[in-house]
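See structure below.
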Amino acid sequence: MLLVTGGAGFIGSNLVAGLEQAGHQEIVVCDLLGNDDRWRNLAKREIADLIRPEALMSFLDGHRDRLQAVFHLGAISATTETDVDAIVANNVRLSLDLFHWCKHTDVRLIYASSAATYGDGSLGFDDDNSVAALNALRPLNAYGWSKALVDRRFARIFAQGGKAPAQWAGLKFFNVFGPNEYHKGDMRSVVHKIHQRAAAGEPAILFRSHHPDFEDGGQSRDFVHVDDCVAVMLWLLEHPEVSGIYNLGTGKARSFRDLAAAVFTALGQEERIEFVPTPEAIRERYQYFTQAEMGRLRRAGYQNPFLSLEQGVQSYVQDFLQQDDPYR
């Protein structure tokens with residue numbers, strides 16, 4: 001039996017699909033479905049059970065002898081969330097509780113961290129697992145801080161020789177895009193936002209650069225397709241000897257202009273882009289460059305190639321966004 005928290009969400013539902021495709025037959029999802037169309041993310045899946053977060057710990061205690069691993073992807077992921085108590089309850093408290101439960105039951109734990117832990121990127125994007133390196137990071141928002149706090153706690157327990165789960169692995173997701181993100185509103189990927197406008201015959205809207213080293217649209221991110229994220233999590237499940245905190249990007253930053261061009265190409269259209277000023281509310285903290293250092297995951301043994309930006313965008317647009325049913 002495998003448990004996926006946040007299994008109805010974007011990355012979680014793609015993981016559930018990947019686990020099912022890999023032949024796993026008992027997959028349990030822990031999530032809240034709310035009033036939106038998030039249920040459609042799971043409509044095609046064969047799920048053994050669907051539980052609410054408040055019932056999670058009792059469910060775990062009742063199934064400890066059958067559970068192989070927990071994929072903990074559930075969290076408040078909005079970088080704009082200001083209710084820090086809610087962030088702590090969802091992102092910190094539950095993560096710590098799961099870590100301690102898994103270490104006492106020898107159940108494996110694979111959880112979502114975030115590239116938001118790197119803050120403005122001034123210290124680089126090296127997934128150094130040392131306590132000193134993790135403590136030096138300065139996230140820019142409460143979401144990033146919550147993820148960094150959990151990483152730091154787990155790393156310190158491990159560094160001090162404390163008991164840890166049989167396997168524990170945290171993944172610092174960079175800019176993930178792909179199917180089943182439609183419920184995320186303004187937090188959905190730029191690929192989806194540009195496609196929505198381009199498919200309607202409108203130009204893409206990108207931020208102007210307010211940095212002398214970057215041209216308009218030259219701001220860059222490490223864009224990674226959700227299929228690659230799922231592939232890494234499946235690989236970790238197959239390699240219980242691998243533990244630690246790892247970046248999950250492609251290792252190659254690409255510009256927003258490149259991304260927009262890829263969307264128009266996938267639609268068979270000419271590129272059309274308009275630039276608007278970066279909102280003043282975020283201008284001072286805006287990141288102009290992110291790029292995952294991927295050497296650590298490669299040294300751990302993961303050798304699969306990552307989709308290029310063009311490959312990933314083409315797949316997302318043509319196989320999902322342009323279909324009558326865009327859900328995986």
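Residues are referred to by chain and number: the chain letter is A, B, ... according to the order shown in the structure tokens, the number counts from 1 in that chain, and ligands are numbered separately from 1 in the order shown.
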
| query | So which residues touch Ala17 of chain A within 12 Å, counting only C-alpha atoms, skipping near sequence neighbours fewer than 4 positions away, as JSON, numbers by chain? | reply | {"A": [4, 7, 8, 9, 10, 11, 12, 13, 21, 22, 23, 24, 25, 27, 29, 41, 42, 43, 44, 45, 46, 47, 179, 180, 226, 227, 230, 231, 234, 327, 328]}

Find the residues around segment 141-143 of chain A up to 8 Å (only C-alpha atoms counted), leave out those fewer than 6 positions away in its own chain, and share them as a compact mmCIF listing (two decimals) with N, CA and C atoms, in the first residue's frame.
```txt
# COMPACT_ATOMS: atom_id res chain seq x y z
N ILE A 76 -0.05 23.85 1.83
CA ILE A 76 -0.47 25.14 1.30
C ILE A 76 0.70 25.63 0.46
N SER A 77 0.52 25.67 -0.86
CA SER A 77 1.65 25.94 -1.75
C SER A 77 1.64 27.35 -2.33
N ALA A 78 0.66 28.16 -1.99
CA ALA A 78 0.60 29.52 -2.52
C ALA A 78 1.67 30.39 -1.86
N THR A 79 2.54 30.95 -2.66
CA THR A 79 3.59 31.82 -2.12
C THR A 79 3.02 33.13 -1.60
N THR A 80 1.76 33.41 -1.93
CA THR A 80 1.12 34.65 -1.49
C THR A 80 0.30 34.47 -0.22
N GLU A 81 0.22 33.24 0.31
CA GLU A 81 -0.56 32.98 1.52
C GLU A 81 0.02 33.76 2.71
N THR A 82 -0.85 34.46 3.44
CA THR A 82 -0.39 35.28 4.57
C THR A 82 -0.81 34.72 5.93
N VAL A 84 -0.01 32.58 8.41
CA VAL A 84 1.16 31.77 8.75
C VAL A 84 0.79 30.63 9.68
N ILE A 87 -0.26 27.91 7.51
CA ILE A 87 0.91 27.33 6.84
C ILE A 87 1.66 26.40 7.79
N ALA A 116 11.61 27.39 -3.40
CA ALA A 116 11.35 28.64 -2.68
C ALA A 116 12.23 28.76 -1.45
```

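Closest approach to Gly218 of chain A among A:Leu236, A:Val191, A:Leu321, A:Ala260: A:Ala260, based on only C-alpha atoms.
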
| With distances taken over only C-alpha atoms, which of A:Phe306, A:Tyr182, A:Trp145, A:Gln314 is nearest to Asp36 of chain A? | A:Tyr182

For the contact check between segment 78-171 of chain A and segment 297-305 of chain A, emit one row per residue of segment 78-171 of chain A within 12 Å, containing the shortest atom pair and the distance in Å rounded to one decimal, counting only C-alpha atoms, chain then rising number order, as JSON lines.
```
{"residue": "A:Asp126", "atom": "CA", "partner": "A:Leu297", "partner_atom": "CA", "distance": 11.2}
{"residue": "A:Asp127", "atom": "CA", "partner": "A:Leu297", "partner_atom": "CA", "distance": 9.2}
{"residue": "A:Asp128", "atom": "CA", "partner": "A:Leu297", "partner_atom": "CA", "distance": 11.2}
{"residue": "A:Asn129", "atom": "CA", "partner": "A:Leu297", "partner_atom": "CA", "distance": 11.9}
{"residue": "A:Ala169", "atom": "CA", "partner": "A:Leu297", "partner_atom": "CA", "distance": 10.9}
{"residue": "A:Gly170", "atom": "CA", "partner": "A:Leu297", "partner_atom": "CA", "distance": 11.3}
{"residue": "A:Leu171", "atom": "CA", "partner": "A:Leu297", "partner_atom": "CA", "distance": 9.9}
```

| task | Extract, using only C-alpha atoms, all DNA, RNA and protein residues at most 12 Å from Asp151 of chain A, discarding same-chain residues fewer than 2 positions from it, and format them as an MDAnalysis selection string. | result | chainID A and resid 91:92 95:96 99 111:115 117:118 127:135 137 144:149 153:158 168:172 244:246

Write the residues you've just listed into a file as a tab-separated table (two decimals), in the first residue's frame, and include N, CA and C atoms for each of them.
```tsv
chain	number	residue	atom	x	y	z
A	91	ASN	N	1.95	22.73	6.64
A	91	ASN	CA	3.24	22.48	6.02
A	91	ASN	C	4.31	22.01	6.99
A	92	VAL	N	4.20	22.43	8.24
A	92	VAL	CA	5.23	22.10	9.22
A	92	VAL	C	4.78	20.97	10.14
A	95	SER	N	4.17	17.59	8.49
A	95	SER	CA	5.41	17.00	8.00
A	95	SER	C	6.23	16.39	9.14
A	96	LEU	N	6.33	17.11	10.26
A	96	LEU	CA	7.08	16.59	11.39
A	96	LEU	C	6.40	15.35	11.97
A	99	PHE	N	7.12	12.42	9.70
A	99	PHE	CA	8.51	11.98	9.83
A	99	PHE	C	8.66	11.08	11.05
A	111	TYR	N	8.99	13.37	0.45
A	111	TYR	CA	8.17	14.56	0.67
A	111	TYR	C	8.59	15.71	-0.24
A	112	ALA	N	7.67	16.66	-0.36
A	112	ALA	CA	7.91	17.83	-1.21
A	112	ALA	C	8.52	18.96	-0.41
A	113	SER	N	9.71	19.35	-0.81
A	113	SER	CA	10.27	20.62	-0.38
A	113	SER	C	10.03	21.60	-1.52
A	114	SER	N	10.84	22.61	-1.69
A	114	SER	CA	10.59	23.61	-2.73
A	114	SER	C	11.83	24.43	-3.01
A	115	ALA	N	11.96	24.86	-4.26
A	115	ALA	CA	13.02	25.80	-4.62
A	115	ALA	C	12.81	27.15	-3.96
A	117	THR	N	12.83	27.65	-0.99
A	117	THR	CA	13.73	27.71	0.16
A	117	THR	C	14.99	28.51	-0.15
A	118	TYR	N	15.32	28.68	-1.45
A	118	TYR	CA	16.54	29.38	-1.82
A	118	TYR	C	16.40	30.90	-1.78
A	127	ASP	N	21.93	22.02	-3.70
A	127	ASP	CA	21.18	21.27	-2.69
A	127	ASP	C	22.12	20.60	-1.67
A	128	ASP	N	22.96	21.41	-1.07
A	128	ASP	CA	23.85	20.99	0.01
A	128	ASP	C	22.99	20.61	1.21
A	129	ASN	N	23.14	19.38	1.70
A	129	ASN	CA	22.31	18.89	2.80
A	129	ASN	C	22.87	19.20	4.17
A	130	SER	N	24.01	19.87	4.25
A	130	SER	CA	24.59	20.16	5.56
A	130	SER	C	23.70	21.12	6.32
A	131	VAL	N	23.72	20.98	7.63
A	131	VAL	CA	22.90	21.85	8.48
A	131	VAL	C	23.29	23.31	8.28
A	132	ALA	N	24.58	23.57	8.18
A	132	ALA	CA	25.05	24.95	8.00
A	132	ALA	C	24.52	25.56	6.71
A	133	ALA	N	24.58	24.80	5.61
A	133	ALA	CA	24.11	25.32	4.33
A	133	ALA	C	22.61	25.56	4.35
A	134	LEU	N	21.85	24.65	4.92
A	134	LEU	CA	20.40	24.82	4.99
A	134	LEU	C	20.03	25.98	5.89
A	135	ASN	N	20.76	26.16	6.98
A	135	ASN	CA	20.46	27.27	7.90
A	135	ASN	C	20.78	28.63	7.29
A	137	LEU	N	20.09	29.62	4.26
A	137	LEU	CA	19.10	30.05	3.28
A	137	LEU	C	18.09	31.00	3.90
A	144	GLY	N	7.96	29.39	1.59
A	144	GLY	CA	9.35	28.95	1.48
A	144	GLY	C	9.98	28.70	2.83
A	145	TRP	N	9.68	29.56	3.80
A	145	TRP	CA	10.21	29.37	5.16
A	145	TRP	C	9.72	28.07	5.76
A	146	SER	N	8.45	27.73	5.56
A	146	SER	CA	7.91	26.50	6.13
A	146	SER	C	8.62	25.28	5.56
A	147	LYS	N	8.89	25.30	4.27
A	147	LYS	CA	9.60	24.19	3.65
A	147	LYS	C	11.05	24.11	4.13
A	148	ALA	N	11.68	25.26	4.29
A	148	ALA	CA	13.06	25.30	4.77
A	148	ALA	C	13.15	24.80	6.21
A	149	LEU	N	12.18	25.17	7.03
A	149	LEU	CA	12.17	24.73	8.43
A	149	LEU	C	12.15	23.22	8.52
A	153	ARG	N	15.10	20.70	9.97
A	153	ARG	CA	14.86	19.80	11.09
A	153	ARG	C	15.25	18.37	10.75
A	154	PHE	N	14.83	17.91	9.56
A	154	PHE	CA	15.16	16.54	9.17
A	154	PHE	C	16.67	16.36	9.03
A	155	ALA	N	17.33	17.34	8.42
A	155	ALA	CA	18.77	17.24	8.22
A	155	ALA	C	19.52	17.22	9.55
A	156	ARG	N	19.04	18.00	10.52
A	156	ARG	CA	19.71	18.03	11.82
A	156	ARG	C	19.55	16.69	12.54
A	157	ILE	N	18.35	16.13	12.49
A	157	ILE	CA	18.13	14.82	13.11
A	157	ILE	C	19.09	13.79	12.51
A	158	PHE	N	19.22	13.80	11.20
A	158	PHE	CA	20.09	12.85	10.52
A	158	PHE	C	21.55	13.12	10.87
A	168	TRP	N	14.21	8.50	3.69
A	168	TRP	CA	13.56	9.81	3.70
A	168	TRP	C	14.21	10.65	2.60
A	169	ALA	N	13.39	11.24	1.76
A	169	ALA	CA	13.90	12.04	0.65
A	169	ALA	C	13.00	13.24	0.44
A	170	GLY	N	13.62	14.42	0.45
A	170	GLY	CA	12.90	15.66	0.18
A	170	GLY	C	13.28	16.17	-1.20
A	171	LEU	N	12.29	16.65	-1.95
A	171	LEU	CA	12.51	17.12	-3.31
A	171	LEU	C	12.21	18.61	-3.42
A	172	LYS	N	13.22	19.37	-3.81
A	172	LYS	CA	13.04	20.81	-3.99
A	172	LYS	C	12.57	21.07	-5.42
A	244	GLY	N	17.93	11.79	1.57
A	244	GLY	CA	18.49	13.13	1.56
A	244	GLY	C	17.57	14.12	0.87
A	245	ILE	N	18.06	15.33	0.69
A	245	ILE	CA	17.29	16.41	0.07
A	245	ILE	C	17.90	16.71	-1.29
A	246	TYR	N	17.06	16.73	-2.32
A	246	TYR	CA	17.55	16.85	-3.69
A	246	TYR	C	16.77	17.91	-4.46
```

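Backbone DSSP of segment 54-167 of chain A yields strand (DSSP E) at Ala69, Val70, Phe71, His72, Arg108, Leu109, Ile110, Tyr111, Ala112, Ser113 and Ser114 of chain A.
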
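Our summary of the geometry notes that atom CA of Arg283 of chain A is positioned 12.6 Å from atom CA of Leu140 of chain A.
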
| query | Where in segment 10-235 of chain A does DSSP assign helix (DSSP H, G or I), given as a ChimeraX atom specification? | reply | /A:10-21,38-42,53-62,84-105,115-118,131-136,142-159,182-187,190-199,226-235

| field | Two-atom distance - atom CA of Ser243 of chain A, atom CA of Thr105 of chain A (Å) | value | 16.7 Å

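Put simply, atom CA of Arg221 of chain A is 22.1 Å away from atom CA of Leu267 of chain A.
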
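Residues with any atom within 10 Å of Asp61 of chain A, counting only C-alpha atoms and excluding same-chain neighbours fewer than 4 positions away, are Leu56, Met57, Asp65, Leu67, Trp101 and Thr105 of chain A.
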
| said: Would you pick out the contacts of segment 32-34 of chain A at 8 Å or less, using only C-alpha atoms, so that residues sharing its chain but fewer than 6 positions from it are not included, and give the list as a VMD selection string? | reply: chain A and resid 6 8 52 to 53

Convert the current residue selection to file output with N, CA and C atoms, as an mmCIF file, in the first residue's frame.
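Saved the output as again27.cif:
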```
data_model
loop_
_atom_site.group_PDB
_atom_site.id
_atom_site.type_symbol
_atom_site.label_atom_id
_atom_site.label_comp_id
_atom_site.auth_asym_id
_atom_site.auth_seq_id
_atom_site.Cartn_x
_atom_site.Cartn_y
_atom_site.Cartn_z
ATOM 1 N N GLY A 6 -2.051 15.069 -0.506
ATOM 2 C CA GLY A 6 -2.161 16.029 -1.607
ATOM 3 C C GLY A 6 -2.355 15.332 -2.938
ATOM 4 N N ALA A 8 -4.880 14.708 -4.738
ATOM 5 C CA ALA A 8 -5.821 15.275 -5.700
ATOM 6 C C ALA A 8 -5.278 16.556 -6.324
ATOM 7 N N ARG A 52 -9.607 12.191 4.524
ATOM 8 C CA ARG A 52 -9.403 13.598 4.827
ATOM 9 C C ARG A 52 -8.172 13.769 5.727
ATOM 10 N N PRO A 53 -7.507 14.923 5.680
ATOM 11 C CA PRO A 53 -6.297 15.120 6.472
ATOM 12 C C PRO A 53 -6.482 14.896 7.974
#
```

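Nearest residue to Glu241 of chain A among A:Gln167, A:Ser209, A:Gln291, A:Ser189 is A:Gln167, counting only C-alpha atoms.
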
| message | Quick one: residues within 8 Å of Leu248 of chain A, only C-alpha atoms, excluding same-chain residues fewer than 2 positions away - as a PyMOL selection string? | response | chain A and resi 171-174+224+229+246+250+292+294
